[in-house]
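Student: Provided below: protein.cif, containing mmCIF, C-alpha atoms.
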data_final
loop_
_atom_site.group_PDB
_atom_site.id
_atom_site.type_symbol
_atom_site.label_atom_id
_atom_site.label_comp_id
_atom_site.auth_asym_id
_atom_site.auth_seq_id
_atom_site.Cartn_x
_atom_site.Cartn_y
_atom_site.Cartn_z
ATOM 1 C CA MET F 1 109.954 87.790 77.549
ATOM 2 C CA ASP F 2 112.039 89.372 80.322
ATOM 3 C CA ILE F 3 108.881 90.875 81.781
ATOM 4 C CA LEU F 4 107.808 87.386 82.892
ATOM 5 C CA GLN F 5 110.480 87.588 85.601
ATOM 6 C CA TYR F 6 108.595 90.339 87.432
ATOM 7 C CA SER F 7 106.328 89.190 90.253
ATOM 8 C CA PHE F 8 103.578 91.698 89.397
ATOM 9 C CA PHE F 9 103.438 90.319 85.847
ATOM 10 C CA GLN F 10 103.250 86.753 87.124
ATOM 11 C CA ASN F 11 100.430 87.824 89.476
ATOM 12 C CA ALA F 12 98.607 89.337 86.516
ATOM 13 C CA LEU F 13 98.853 86.079 84.543
ATOM 14 C CA TRP F 14 97.547 83.978 87.429
ATOM 15 C CA GLY F 15 94.775 86.499 88.066
ATOM 16 C CA SER F 16 93.837 86.396 84.389
ATOM 17 C CA LEU F 17 93.618 82.608 84.418
ATOM 18 C CA PHE F 18 91.383 82.331 87.479
ATOM 19 C CA THR F 19 89.225 85.271 86.423
ATOM 20 C CA ALA F 20 88.748 83.717 82.975
ATOM 21 C CA ILE F 21 87.645 80.450 84.610
ATOM 22 C CA ALA F 22 85.161 82.176 86.927
ATOM 23 C CA CYS F 23 83.765 84.470 84.231
ATOM 24 C CA GLY F 24 83.575 81.631 81.703
ATOM 25 C CA ILE F 25 81.496 79.487 84.054
ATOM 26 C CA VAL F 26 79.286 82.185 85.541
ATOM 27 C CA GLY F 27 79.000 84.159 82.307
ATOM 28 C CA THR F 28 77.610 81.146 80.445
ATOM 29 C CA TYR F 29 74.805 80.939 83.009
ATOM 30 C CA VAL F 30 74.240 84.705 82.713
ATOM 31 C CA VAL F 31 73.874 84.516 78.924
ATOM 32 C CA ALA F 32 71.693 81.383 79.069
ATOM 33 C CA ARG F 33 69.287 82.982 81.541
ATOM 34 C CA ARG F 34 69.494 86.379 79.826
ATOM 35 C CA LEU F 35 70.687 88.115 82.982
ATOM 36 C CA VAL F 36 73.048 90.527 81.255
ATOM 37 C CA PHE F 37 71.083 93.597 82.323
ATOM 38 C CA ILE F 38 70.938 92.331 85.918
ATOM 39 C CA SER F 39 74.703 91.809 85.850
ATOM 40 C CA GLY F 40 75.132 95.384 84.694
ATOM 41 C CA GLY F 41 72.992 96.615 87.573
ATOM 42 C CA ILE F 42 75.004 94.601 90.114
ATOM 43 C CA THR F 43 78.262 95.827 88.603
ATOM 44 C CA HIS F 44 77.362 99.491 88.917
ATOM 45 C CA ALA F 45 75.714 99.004 92.320
ATOM 46 C CA SER F 46 79.061 97.746 93.644
ATOM 47 C CA PHE F 47 80.439 101.250 93.031
ATOM 48 C CA GLY F 48 78.447 102.323 96.078
ATOM 49 C CA GLY F 49 80.348 99.773 98.131
ATOM 50 C CA LEU F 50 83.661 101.055 96.797
ATOM 51 C CA GLY F 51 82.767 104.603 97.840
ATOM 52 C CA LEU F 52 81.688 103.412 101.299
ATOM 53 C CA GLY F 53 84.949 101.522 101.705
ATOM 54 C CA PHE F 54 87.005 104.597 100.873
ATOM 55 C CA TYR F 55 84.925 106.697 103.288
ATOM 56 C CA LEU F 56 85.273 104.197 106.165
ATOM 57 C CA GLN F 57 88.936 103.572 105.272
ATOM 58 C CA VAL F 58 88.467 99.825 105.005
ATOM 59 C CA ASN F 59 89.144 97.453 102.130
ATOM 60 C CA PRO F 60 86.796 98.795 99.412
ATOM 61 C CA PHE F 61 86.405 95.362 97.831
ATOM 62 C CA LEU F 62 84.823 93.978 100.995
ATOM 63 C CA THR F 63 82.186 96.710 101.072
ATOM 64 C CA ALA F 64 81.706 96.409 97.300
ATOM 65 C CA LEU F 65 81.128 92.685 97.760
ATOM 66 C CA GLY F 66 78.465 93.382 100.380
ATOM 67 C CA PHE F 67 76.729 95.908 98.117
ATOM 68 C CA ALA F 68 76.862 93.559 95.135
ATOM 69 C CA VAL F 69 75.451 90.549 97.005
ATOM 70 C CA LEU F 70 72.646 92.566 98.639
ATOM 71 C CA SER F 71 71.779 94.214 95.315
ATOM 72 C CA ALA F 72 71.739 90.856 93.517
ATOM 73 C CA PHE F 73 69.505 89.219 96.117
ATOM 74 C CA GLY F 74 67.269 92.292 96.192
ATOM 75 C CA VAL F 75 66.712 92.282 92.440
ATOM 76 C CA GLU F 76 66.161 88.506 92.440
ATOM 77 C CA TRP F 77 63.608 88.747 95.243
ATOM 78 C CA VAL F 78 61.756 91.696 93.701
ATOM 79 C CA SER F 79 61.572 90.039 90.290
ATOM 80 C CA LYS F 80 60.174 86.829 91.777
ATOM 81 C CA SER F 81 57.668 88.543 94.102
ATOM 82 C CA HIS F 82 56.327 90.624 91.158
ATOM 83 C CA GLN F 83 55.981 93.674 93.402
ATOM 84 C CA VAL F 84 58.127 95.769 91.030
ATOM 85 C CA ARG F 85 59.028 95.185 87.398
ATOM 86 C CA GLU F 86 62.457 93.623 87.068
ATOM 87 C CA ASP F 87 63.835 96.235 84.677
ATOM 88 C CA SER F 88 62.641 99.038 86.972
ATOM 89 C CA ALA F 89 64.299 97.419 89.999
ATOM 90 C CA ILE F 90 67.568 96.979 88.092
ATOM 91 C CA ALA F 91 67.539 100.612 86.952
ATOM 92 C CA ALA F 92 66.933 101.776 90.523
ATOM 93 C CA VAL F 93 69.745 99.635 91.943
ATOM 94 C CA TRP F 94 72.068 100.680 89.097
ATOM 95 C CA SER F 95 71.603 104.424 89.630
ATOM 96 C CA LEU F 96 71.424 104.205 93.448
ATOM 97 C CA GLY F 97 74.753 102.393 93.662
ATOM 98 C CA MET F 98 76.502 104.940 91.456
ATOM 99 C CA ALA F 99 74.953 107.834 93.385
ATOM 100 C CA ILE F 100 75.932 106.439 96.798
ATOM 101 C CA GLY F 101 79.454 105.788 95.566
ATOM 102 C CA ALA F 102 79.834 109.330 94.245
ATOM 103 C CA ILE F 103 78.539 110.823 97.529
ATOM 104 C CA PHE F 104 80.897 108.823 99.752
ATOM 105 C CA ILE F 105 83.898 109.508 97.521
ATOM 106 C CA VAL F 106 83.256 113.251 97.756
ATOM 107 C CA LEU F 107 82.874 112.971 101.556
ATOM 108 C CA THR F 108 86.070 110.932 101.946
ATOM 109 C CA PRO F 109 88.591 113.002 103.978
ATOM 110 C CA GLY F 110 91.979 113.769 102.475
ATOM 111 C CA TYR F 111 92.873 113.271 98.859
ATOM 112 C CA ALA F 112 90.238 111.829 96.549
ATOM 113 C CA PRO F 113 91.021 108.182 95.682
ATOM 114 C CA ASN F 114 92.219 107.291 92.202
ATOM 115 C CA LEU F 115 89.222 105.608 90.593
ATOM 116 C CA SER F 116 90.799 104.832 87.227
ATOM 117 C CA SER F 117 91.778 101.256 88.114
ATOM 118 C CA TYR F 118 88.278 100.585 89.501
ATOM 119 C CA LEU F 119 86.378 102.110 86.591
ATOM 120 C CA PHE F 120 88.534 100.825 83.721
ATOM 121 C CA GLY F 121 90.647 98.108 85.343
ATOM 122 C CA ASN F 122 94.383 97.613 85.682
ATOM 123 C CA ILE F 123 95.470 94.013 85.677
ATOM 124 C CA LEU F 124 99.010 94.917 86.746
ATOM 125 C CA THR F 125 97.757 95.962 90.209
ATOM 126 C CA ILE F 126 96.504 92.459 91.103
ATOM 127 C CA SER F 127 97.999 91.266 94.390
ATOM 128 C CA ARG F 128 98.594 87.804 95.835
ATOM 129 C CA THR F 129 95.497 88.231 97.984
ATOM 130 C CA ASP F 130 93.400 88.966 94.888
ATOM 131 C CA ILE F 131 94.755 85.795 93.282
ATOM 132 C CA TYR F 132 93.820 83.662 96.297
ATOM 133 C CA TRP F 133 90.281 85.052 96.377
ATOM 134 C CA THR F 134 89.817 84.604 92.622
ATOM 135 C CA ALA F 135 91.278 81.088 92.718
ATOM 136 C CA ALA F 136 88.884 80.146 95.521
ATOM 137 C CA LEU F 137 85.962 81.513 93.509
ATOM 138 C CA ALA F 138 87.030 79.625 90.382
ATOM 139 C CA ILE F 139 87.375 76.365 92.314
ATOM 140 C CA LEU F 140 84.038 76.755 94.131
ATOM 141 C CA SER F 141 82.126 77.654 90.978
ATOM 142 C CA ALA F 142 83.734 74.763 89.077
ATOM 143 C CA LEU F 143 82.838 72.308 91.845
ATOM 144 C CA PHE F 144 79.285 73.607 92.058
ATOM 145 C CA PHE F 145 78.802 73.253 88.293
ATOM 146 C CA THR F 146 80.367 69.783 88.357
ATOM 147 C CA PHE F 147 78.057 68.400 91.037
ATOM 148 C CA PHE F 148 74.872 70.264 90.022
ATOM 149 C CA TYR F 149 75.318 70.635 86.265
ATOM 150 C CA ARG F 150 71.976 69.038 85.378
ATOM 151 C CA GLU F 151 70.033 71.164 87.859
ATOM 152 C CA ILE F 152 71.745 74.378 86.714
ATOM 153 C CA VAL F 153 71.096 73.717 83.022
ATOM 154 C CA TYR F 154 67.441 72.834 83.620
ATOM 155 C CA SER F 155 66.927 75.929 85.760
ATOM 156 C CA ALA F 156 68.644 78.162 83.209
ATOM 157 C CA PHE F 157 66.772 77.011 80.106
ATOM 158 C CA ASP F 158 63.366 75.863 81.337
ATOM 159 C CA ARG F 159 62.436 76.901 84.862
ATOM 160 C CA ASP F 160 58.913 75.448 84.716
ATOM 161 C CA PHE F 161 60.149 72.040 83.570
ATOM 162 C CA ALA F 162 62.793 72.067 86.306
ATOM 163 C CA LEU F 163 60.072 72.629 88.904
ATOM 164 C CA THR F 164 58.175 69.592 87.628
ATOM 165 C CA GLN F 165 61.342 67.517 88.151
ATOM 166 C CA ASN F 166 61.467 68.535 91.829
ATOM 167 C CA ILE F 167 64.639 70.541 91.286
ATOM 168 C CA PRO F 168 65.184 73.250 93.955
ATOM 169 C CA VAL F 169 65.094 76.029 91.372
ATOM 170 C CA LYS F 170 64.950 78.901 93.872
ATOM 171 C CA VAL F 171 67.980 77.600 95.745
ATOM 172 C CA ILE F 172 69.912 77.185 92.493
ATOM 173 C CA GLU F 173 68.983 80.696 91.369
ATOM 174 C CA TYR F 174 70.027 82.326 94.645
ATOM 175 C CA ILE F 175 73.319 80.439 94.740
ATOM 176 C CA MET F 176 74.062 81.424 91.157
ATOM 177 C CA THR F 177 73.088 85.011 91.946
ATOM 178 C CA PHE F 178 75.638 84.938 94.750
ATOM 179 C CA PHE F 179 78.304 83.590 92.373
ATOM 180 C CA ILE F 180 77.469 86.314 89.846
ATOM 181 C CA ALA F 181 77.859 89.060 92.476
ATOM 182 C CA VAL F 182 81.169 87.694 93.786
ATOM 183 C CA THR F 183 82.545 87.178 90.265
ATOM 184 C CA ILE F 184 81.673 90.744 89.344
ATOM 185 C CA VAL F 185 83.426 92.242 92.361
ATOM 186 C CA LEU F 186 86.570 90.125 91.997
ATOM 187 C CA SER F 187 86.779 90.941 88.274
ATOM 188 C CA ILE F 188 86.630 94.721 88.772
ATOM 189 C CA ARG F 189 90.401 94.859 89.178
ATOM 190 C CA LEU F 190 90.799 93.198 85.790
ATOM 191 C CA VAL F 191 88.571 95.211 83.449
ATOM 192 C CA GLY F 192 86.818 97.777 85.651
ATOM 193 C CA ILE F 193 83.202 98.584 86.378
ATOM 194 C CA MET F 194 82.542 100.254 83.044
ATOM 195 C CA LEU F 195 83.666 97.295 80.922
ATOM 196 C CA LEU F 196 82.911 94.258 83.084
ATOM 197 C CA MET F 197 79.667 93.258 81.360
ATOM 198 C CA SER F 198 81.586 92.439 78.184
ATOM 199 C CA LEU F 199 83.850 89.948 79.958
ATOM 200 C CA LEU F 200 80.769 88.040 81.132
ATOM 201 C CA THR F 201 79.033 87.972 77.760
ATOM 202 C CA VAL F 202 81.278 88.492 74.703
ATOM 203 C CA PRO F 203 83.305 85.237 75.010
ATOM 204 C CA GLN F 204 80.061 83.283 75.342
ATOM 205 C CA MET F 205 78.556 85.088 72.346
ATOM 206 C CA THR F 206 81.607 84.262 70.261
ATOM 207 C CA VAL F 207 81.743 80.573 71.177
ATOM 208 C CA ASN F 208 77.979 80.289 70.751
ATOM 209 C CA LEU F 209 78.463 81.094 67.055
ATOM 210 C CA PHE F 210 80.056 77.651 66.655
ATOM 211 C CA THR F 211 78.223 75.502 69.214
ATOM 212 C CA SER F 212 75.112 75.463 71.376
ATOM 213 C CA ASN F 213 76.461 72.879 73.807
ATOM 214 C CA PHE F 214 76.513 74.337 77.330
ATOM 215 C CA LYS F 215 79.766 72.627 78.367
ATOM 216 C CA ARG F 216 81.570 73.586 75.177
ATOM 217 C CA ILE F 217 80.513 77.190 75.604
ATOM 218 C CA ILE F 218 81.934 77.175 79.134
ATOM 219 C CA PHE F 219 85.319 75.746 78.094
ATOM 220 C CA GLY F 220 85.499 77.876 74.945
ATOM 221 C CA SER F 221 84.666 81.019 76.922
ATOM 222 C CA ILE F 222 87.412 80.254 79.438
ATOM 223 C CA ILE F 223 90.005 79.805 76.686
ATOM 224 C CA LEU F 224 88.924 82.912 74.791
ATOM 225 C CA GLY F 225 88.681 84.997 77.956
ATOM 226 C CA PHE F 226 92.184 83.982 79.068
ATOM 227 C CA PHE F 227 93.588 84.712 75.612
ATOM 228 C CA ALA F 228 92.032 88.195 75.644
ATOM 229 C CA CYS F 229 93.342 88.870 79.152
ATOM 230 C CA VAL F 230 96.901 87.874 78.211
ATOM 231 C CA ALA F 231 96.774 89.898 74.990
ATOM 232 C CA GLY F 232 95.405 92.906 76.854
ATOM 233 C CA LEU F 233 98.058 92.461 79.541
ATOM 234 C CA PHE F 234 100.946 92.616 77.075
ATOM 235 C CA LEU F 235 99.436 95.558 75.199
ATOM 236 C CA SER F 236 98.812 97.508 78.417
ATOM 237 C CA TYR F 237 102.357 96.843 79.637
ATOM 238 C CA PHE F 238 104.024 98.137 76.501
ATOM 239 C CA LEU F 239 101.634 101.030 75.762
ATOM 240 C CA HIS F 240 101.065 102.094 79.414
ATOM 241 C CA ILE F 241 97.292 102.084 79.063
ATOM 242 C CA PRO F 242 94.860 100.360 81.491
ATOM 243 C CA SER F 243 94.471 96.722 80.510
ATOM 244 C CA GLY F 244 90.667 96.618 80.747
ATOM 245 C CA ALA F 245 90.141 98.561 77.536
ATOM 246 C CA PHE F 246 92.524 96.340 75.560
ATOM 247 C CA ILE F 247 90.938 93.148 76.900
ATOM 248 C CA ILE F 248 87.500 94.214 75.709
ATOM 249 C CA VAL F 249 88.862 95.395 72.348
ATOM 250 C CA VAL F 250 90.467 91.976 71.821
ATOM 251 C CA LEU F 251 87.230 90.196 72.760
ATOM 252 C CA ILE F 252 85.103 92.333 70.436
ATOM 253 C CA GLY F 253 87.692 91.877 67.685
ATOM 254 C CA CYS F 254 87.530 88.086 68.073
ATOM 255 C CA PHE F 255 83.741 88.200 67.908
ATOM 256 C CA LEU F 256 83.748 90.326 64.751
ATOM 257 C CA ILE F 257 86.364 88.118 63.081
ATOM 258 C CA ALA F 258 84.387 84.972 63.930
ATOM 259 C CA LYS F 259 81.128 86.500 62.742
ATOM 260 C CA SER F 260 82.694 87.734 59.526
ATOM 261 C CA GLY F 261 84.391 84.387 58.918
ATOM 262 C CA LEU F 262 81.096 82.517 59.265
ATOM 263 C CA PHE F 263 79.351 84.991 56.972
ATOM 264 C CA ILE F 264 82.039 84.607 54.292
ATOM 265 C CA ALA F 265 81.956 80.819 54.631
ATOM 266 C CA LYS F 266 78.196 80.770 54.082
ATOM 267 C CA LYS F 267 78.571 82.993 51.039
ATOM 268 C CA LEU F 268 81.213 80.718 49.563
ATOM 269 C CA LYS F 269 79.035 77.634 50.107
ATOM 270 C CA ARG F 270 76.165 79.280 48.251
#
So, in terms of structure tokens, how does the structure I just supplied come out?
Tutor:
Amino acid sequence: MDILQYSFFQNALWGSLFTAIACGIVGTYVVARRLVFISGGITHASFGGLGLGFYLQVNPFLTALGFAVLSAFGVEWVSKSHQVREDSAIAAVWSLGMAIGAIFIVLTPGYAPNLSSYLFGNILTISRTDIYWTAALAILSALFFTFFYREIVYSAFDRDFALTQNIPVKVIEYIMTFFIAVTIVLSIRLVGIMLLMSLLTVPQMTVNLFTSNFKRIIFGSIILGFFACVAGLFLSYFLHIPSGAFIIVVLIGCFLIAKSGLFIAKKLKR
């Protein structure tokens, strides 16, 4: 327990908590609306912003945030205008972001940046600034869900019915798209681009095995996500391996244990 005295470890715990809150809230909406593939496209498109940031020698997370938000709005607009199939637009954004990122990283003068923490995550590198940004995101998303819970749920599960109730569905969708993009970028430090989709979906999948209540899935996902982050943090500290991989392994392990436990319970009842 001596490691809790280190400031970087304390930062990692606070970052894990706020990231779990943001991903638990936003990820539940992603799973309910079946936007997992879109989230993957936004995640990989943000790599283009990272490359641009390294090339311009500015904070890469700011440029990644710009890329992610523009990509998210672009896919949302294309899918609603029906000018291009949604899956085709996502594939284009996905590959374009990765390609642009690779080009700018190669063109970056000096030594090539270390991409390991961005691709696979390293929770121990979270700074105070990262914590403030993630805390602000968690608070804003929680407040938005608190005040507009009914509208969000209606829009997520039955868009046509929500329109008949005079709910501003388009506004809700664009705001949630913005939250998804920001959550993705701020979570890159935790689990990395390659593994981020699991943090937005696996906790929700696991909790959904036991309940279909939207609020319970949110709270259960937050608890499970934070548990996985803490477990991955301790494992990465002692084994000197990036935390992102351990976090996802813990999440998948929890899902498999829960699924197996339910299967065995059903067998025993029969």
Student: So that I can see what lies close to region 23-32 of chain F, please list as a ChimeraX atom specification the residues with an atom at most 6 Å from it, counting only C-alpha atoms and leaving out residues fewer than 4 positions away in the same chain.
Tutor: /F:19,200-201,218,221-222
Student: When distances are computed from all atoms listed in the file, which of F:Ala265, F:Asn11, F:Asp160, F:Ile172 shows the smallest separation from Phe148 (chain F)?
Tutor: F:Ile172
Student: Counting all atoms listed in the file, figure out which residue out of F:Ala258, F:Ala156, F:Ile123, F:Ile42 gets nearest to Ser95 (chain F).
Tutor: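 Between F:Ala258, F:Ala156, F:Ile123, F:Ile42, the residue approaching Ser95 (chain F) most closely is F:Ile42.
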Student: Counting only C-alpha atoms, which residues sit no farther than 12 Å from the position (78.3, 90.8, 101.7) in the file's frame? I'd like them as a JSON list (two decimals) with C-alpha atoms, in the coordinates of the input.
Tutor:
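Wrote it out as point29.json, contents follow:
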[["chain", "number", "residue", "atom", "x", "y", "z"],
["F", 46, "SER", "CA", 79.06, 97.75, 93.64],
["F", 49, "GLY", "CA", 80.35, 99.77, 98.13],
["F", 60, "PRO", "CA", 86.80, 98.80, 99.41],
["F", 61, "PHE", "CA", 86.40, 95.36, 97.83],
["F", 62, "LEU", "CA", 84.82, 93.98, 101.00],
["F", 63, "THR", "CA", 82.19, 96.71, 101.07],
["F", 64, "ALA", "CA", 81.71, 96.41, 97.30],
["F", 65, "LEU", "CA", 81.13, 92.68, 97.76],
["F", 66, "GLY", "CA", 78.46, 93.38, 100.38],
["F", 67, "PHE", "CA", 76.73, 95.91, 98.12],
["F", 68, "ALA", "CA", 76.86, 93.56, 95.14],
["F", 69, "VAL", "CA", 75.45, 90.55, 97.00],
["F", 70, "LEU", "CA", 72.65, 92.57, 98.64],
["F", 71, "SER", "CA", 71.78, 94.21, 95.32],
["F", 72, "ALA", "CA", 71.74, 90.86, 93.52],
["F", 73, "PHE", "CA", 69.50, 89.22, 96.12],
["F", 178, "PHE", "CA", 75.64, 84.94, 94.75],
["F", 179, "PHE", "CA", 78.30, 83.59, 92.37],
["F", 181, "ALA", "CA", 77.86, 89.06, 92.48],
["F", 182, "VAL", "CA", 81.17, 87.69, 93.79],
["F", 185, "VAL", "CA", 83.43, 92.24, 92.36]]
Student: Taking all atoms listed in the file into account, which of F:Val153, F:Leu268, F:Asn213, F:Thr206 comes nearest Arg33 (chain F)?
Tutor: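 Result for the nearest residue to Arg33 (chain F): F:Val153.
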Student: With all atoms listed in the file as the atoms that count, which of F:Phe104, F:Trp14, F:Trp77, F:Phe210 lies nearest to Leu52 (chain F)?
Tutor: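 The shortest atom-to-atom distance to Leu52 (chain F) comes from F:Phe104.
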Student: Tell me which of F:Ser116, F:Ser16, F:Ser155, F:Thr211 sits closest to Val169 (chain F), counting only C-alpha atoms.
Tutor: F:Ser155
Student: Might you pull out every residue within 10 Å of Leu107 (chain F), with all atoms listed in the file counted and same-chain residues fewer than 4 positions away left off, and present them as a list in words?
Tutor: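 The residues that qualify are Gly51, Leu52, Phe54, Tyr55, Gly101, Ala102, Ile103 and Ala112 of chain F.
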Student: Check the smallest atom-to-atom distance from each of F:Ile248, F:Ile21, F:Leu56, F:Leu4 to Gly220 (chain F) using all atoms listed in the file, then report the winner.
Tutor: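 Of F:Ile248, F:Ile21, F:Leu56, F:Leu4, the one nearest Gly220 (chain F), counting all atoms listed in the file, is F:Ile21.
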Student: Got a sec: who's within 12 Å of Ile167 (chain F), counting only C-alpha atoms, leaving out chain neighbours fewer than 3 positions off, as a list in words?
Tutor: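 That gives Phe148, Tyr149, Arg150, Glu151, Ile152, Val153, Tyr154, Ser155, Ala156, Asp158, Arg159, Asp160, Phe161, Ala162, Leu163, Thr164, Lys170, Val171, Ile172 and Glu173 of chain F.
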Student: Provide the CA of Ile184 (chain F) to CA of Phe147 (chain F) distance in Å, to one decimal place.
Tutor: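 Distance between the two atoms: 22.7 Å.
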Student: Env of His240 (chain F): 12 Å cut, atoms = all atoms listed in the file, seq-sep filter 5 positions within chain, self excluded. Answer as a list in words.
Tutor: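 Non-adjacent residues within range: Asn122, Ile123, Leu124, Gly232, Leu233, Phe234, Leu235, Ala245 and Phe246 of chain F.
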Student: Can those selected residues be exported to a file as a short mmCIF file (atom, residue, chain, number, x, y, z; two decimals), in the frame of the given file so that it contains C-alpha atoms?
Tutor:
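Contents of selection-v4.cif, as written:
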data_model
loop_
_atom_site.label_atom_id
_atom_site.label_comp_id
_atom_site.auth_asym_id
_atom_site.auth_seq_id
_atom_site.Cartn_x
_atom_site.Cartn_y
_atom_site.Cartn_z
CA ASN F 122 94.38 97.61 85.68
CA ILE F 123 95.47 94.01 85.68
CA LEU F 124 99.01 94.92 86.75
CA GLY F 232 95.40 92.91 76.85
CA LEU F 233 98.06 92.46 79.54
CA PHE F 234 100.95 92.62 77.08
CA LEU F 235 99.44 95.56 75.20
CA ALA F 245 90.14 98.56 77.54
CA PHE F 246 92.52 96.34 75.56
#
Student: When you draw a straight line from CA of Ser212 (chain F) to CA of Leu143 (chain F), how long is it in Å?
Tutor: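 Answer for the CA of Ser212 (chain F) to CA of Leu143 (chain F) separation: 22.1 Å.
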Student: So how many Å separate CA of Ile217 (chain F) and CA of Leu251 (chain F), to one decimal?
Tutor: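 Going from CA of Ile217 (chain F) over to CA of Leu251 (chain F) covers 14.9 Å.
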Student: Taking (67.5, 98.5, 92.9) in the file's coordinates as the center, which residues reach within 9 Å of it, counting all atoms listed in the file, put as JSON, numbers by chain?
Tutor: {"F": [41, 42, 45, 71, 72, 74, 75, 78, 88, 89, 90, 91, 92, 93, 94, 95, 96, 97]}
Student: Which polymer residues have any atom within 7 Å of an atom of Ala228 (chain F), counting all atoms listed in the file, with same-chain residues fewer than 2 positions away left out, as a tab-separated table (two decimals) with C-alpha atoms, in the coordinates of the input?
Tutor:
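Result file selection.tsv:
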chain	number	residue	atom	x	y	z
F	224	LEU	CA	88.92	82.91	74.79
F	225	GLY	CA	88.68	85.00	77.96
F	226	PHE	CA	92.18	83.98	79.07
F	230	VAL	CA	96.90	87.87	78.21
F	231	ALA	CA	96.77	89.90	74.99
F	232	GLY	CA	95.40	92.91	76.85
F	247	ILE	CA	90.94	93.15	76.90
F	250	VAL	CA	90.47	91.98	71.82
F	251	LEU	CA	87.23	90.20	72.76
Student: Specify the axis-aligned box that encloses all atoms of region 164-170 of chain F listed in the file after padding of 6 Å on each side, stating its centre and edge lengths in Å to one decimal as lines of an AutoDock Vina configuration file.
Tutor:
center_x = 61.7
center_y = 73.2
center_z = 90.8
size_x = 19.0
size_y = 23.4
size_z = 18.3
